[in-house]
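See below for the structure under consideration.
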Amino acid sequence: MKQDEIRRRLIDGTIHVIAKDGLDKASTKQIGIATSTNEAYIYRCFDDKEDMFARAFDALDDELADKVMQHLPVMYMHEIEYELRCRFFFSAVWKFLLGNRDECLTYVRYYYSPYFSKYSAEDHKKRFVPLVVKFKDAFKDEA
């Protein structure tokens, strides 16, 4: 198995373990067991456990940003009433979040953890700058 495949499997396992047990209880041993991967591979693919957590969050962050960008064009369809455009947009994003329970739970747990501010906040801000720019004109000023 290639290192990229192992890395992806470890990220998926990290997401599952954090969703199930929370960040405080997510250990490299549990992630190794959940992925049927030797724990030593974690340190071959990532700097440490915190780096693995950050890469898992980054993957989720990218996925969420992509989903938001995919549905943002509806906000510029002026032939559709504004409130209906908002419903279409937020409904699609909400459906995505609810349809991916482990991913959503892990995202929220990490986002509100000390790990986020220490390891991922700056990358997160950079990742969402293009969204903020595109959102700026999509919503009414009072929104």
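By convention here, the chains of the structure tokens are called A, B, ... in the order presented, each chain's residues are numbered starting at 1, and ligands are numbered starting at 1 in the order presented.
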
**OP:** If you run DSSP over the backbone, which residues in chain A end up helix (DSSP H, G or I)? Put them as number ranges by chain.
**Re:** A: 3-21, 28-35, 40-45, 49-76, 82-98, 101-111, 114-136

Original post:
Neighbours of Lys95 (chain A) within 12 Å (only C-alpha atoms; same-chain residues fewer than 3 positions away dropped), as a ChimeraX atom specification?
Top reply: /A:64,67-68,71,87-92,98-101,104

**OP:** Show which residues sit within 10 Å of region 29-35 of chain A, as a PyMOL selection string. Count only C-alpha atoms, and ignore same-chain residues fewer than 6 positions away.
**Re:** chain A and resi 6+9-18+21+41-42+49

**OP:** Rank nothing, just name the residue among A:Phe116, A:Phe46, A:Asn38, A:His78 nearest to Asp4 (chain A), using only C-alpha atoms.
**Re:**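 Closest candidate: A:Phe46.
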
**OP:** Considering only C-alpha atoms, return as a ChimeraX atom specification whatever protein or nucleic-acid residues lie within 12 Å of Met69 (chain A), sequence-local ones (same chain, fewer than 3 positions apart) excluded.
**Re:** /A:62-66,72-75,89-90,92-93,127-135,138

**OP:** Rank A:Ile80, A:Cys86, A:Met52, A:Leu60 by their smallest atom-to-atom distance to Val108 (chain A), using only C-alpha atoms, and report the top residue only.
**Re:**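 Selected residue with least distance to Val108 (chain A): A:Leu60.
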
**OP:** Figure out the distance between CA of Ala56 (chain A) and CA of Lys126 (chain A), please, to one decimal in Å.
**Re:**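 Spanning CA of Lys126 (chain A) to CA of Ala56 (chain A) is a straight-line distance of 16.8 Å.
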
Original post:
Taking into account only C-alpha atoms, which residue in the set A:Gln70, A:Arg55, A:Ser36, A:Glu83 is nearest to Tyr107 (chain A)?
Top reply: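 Residue with the minimum atom-to-atom distance to Tyr107 (chain A): A:Arg55.
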
Original post:
Hey, can you check how far CA of Asp61 (chain A) sits from CA of Ser120 (chain A)?
Top reply: 9.9 Å

**OP:** Could you check how far CA of Tyr115 (chain A) sits from CA of Phe53 (chain A), in Å to one decimal?
**Re:**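 Distance reported for this atom pair: 8.2 Å.
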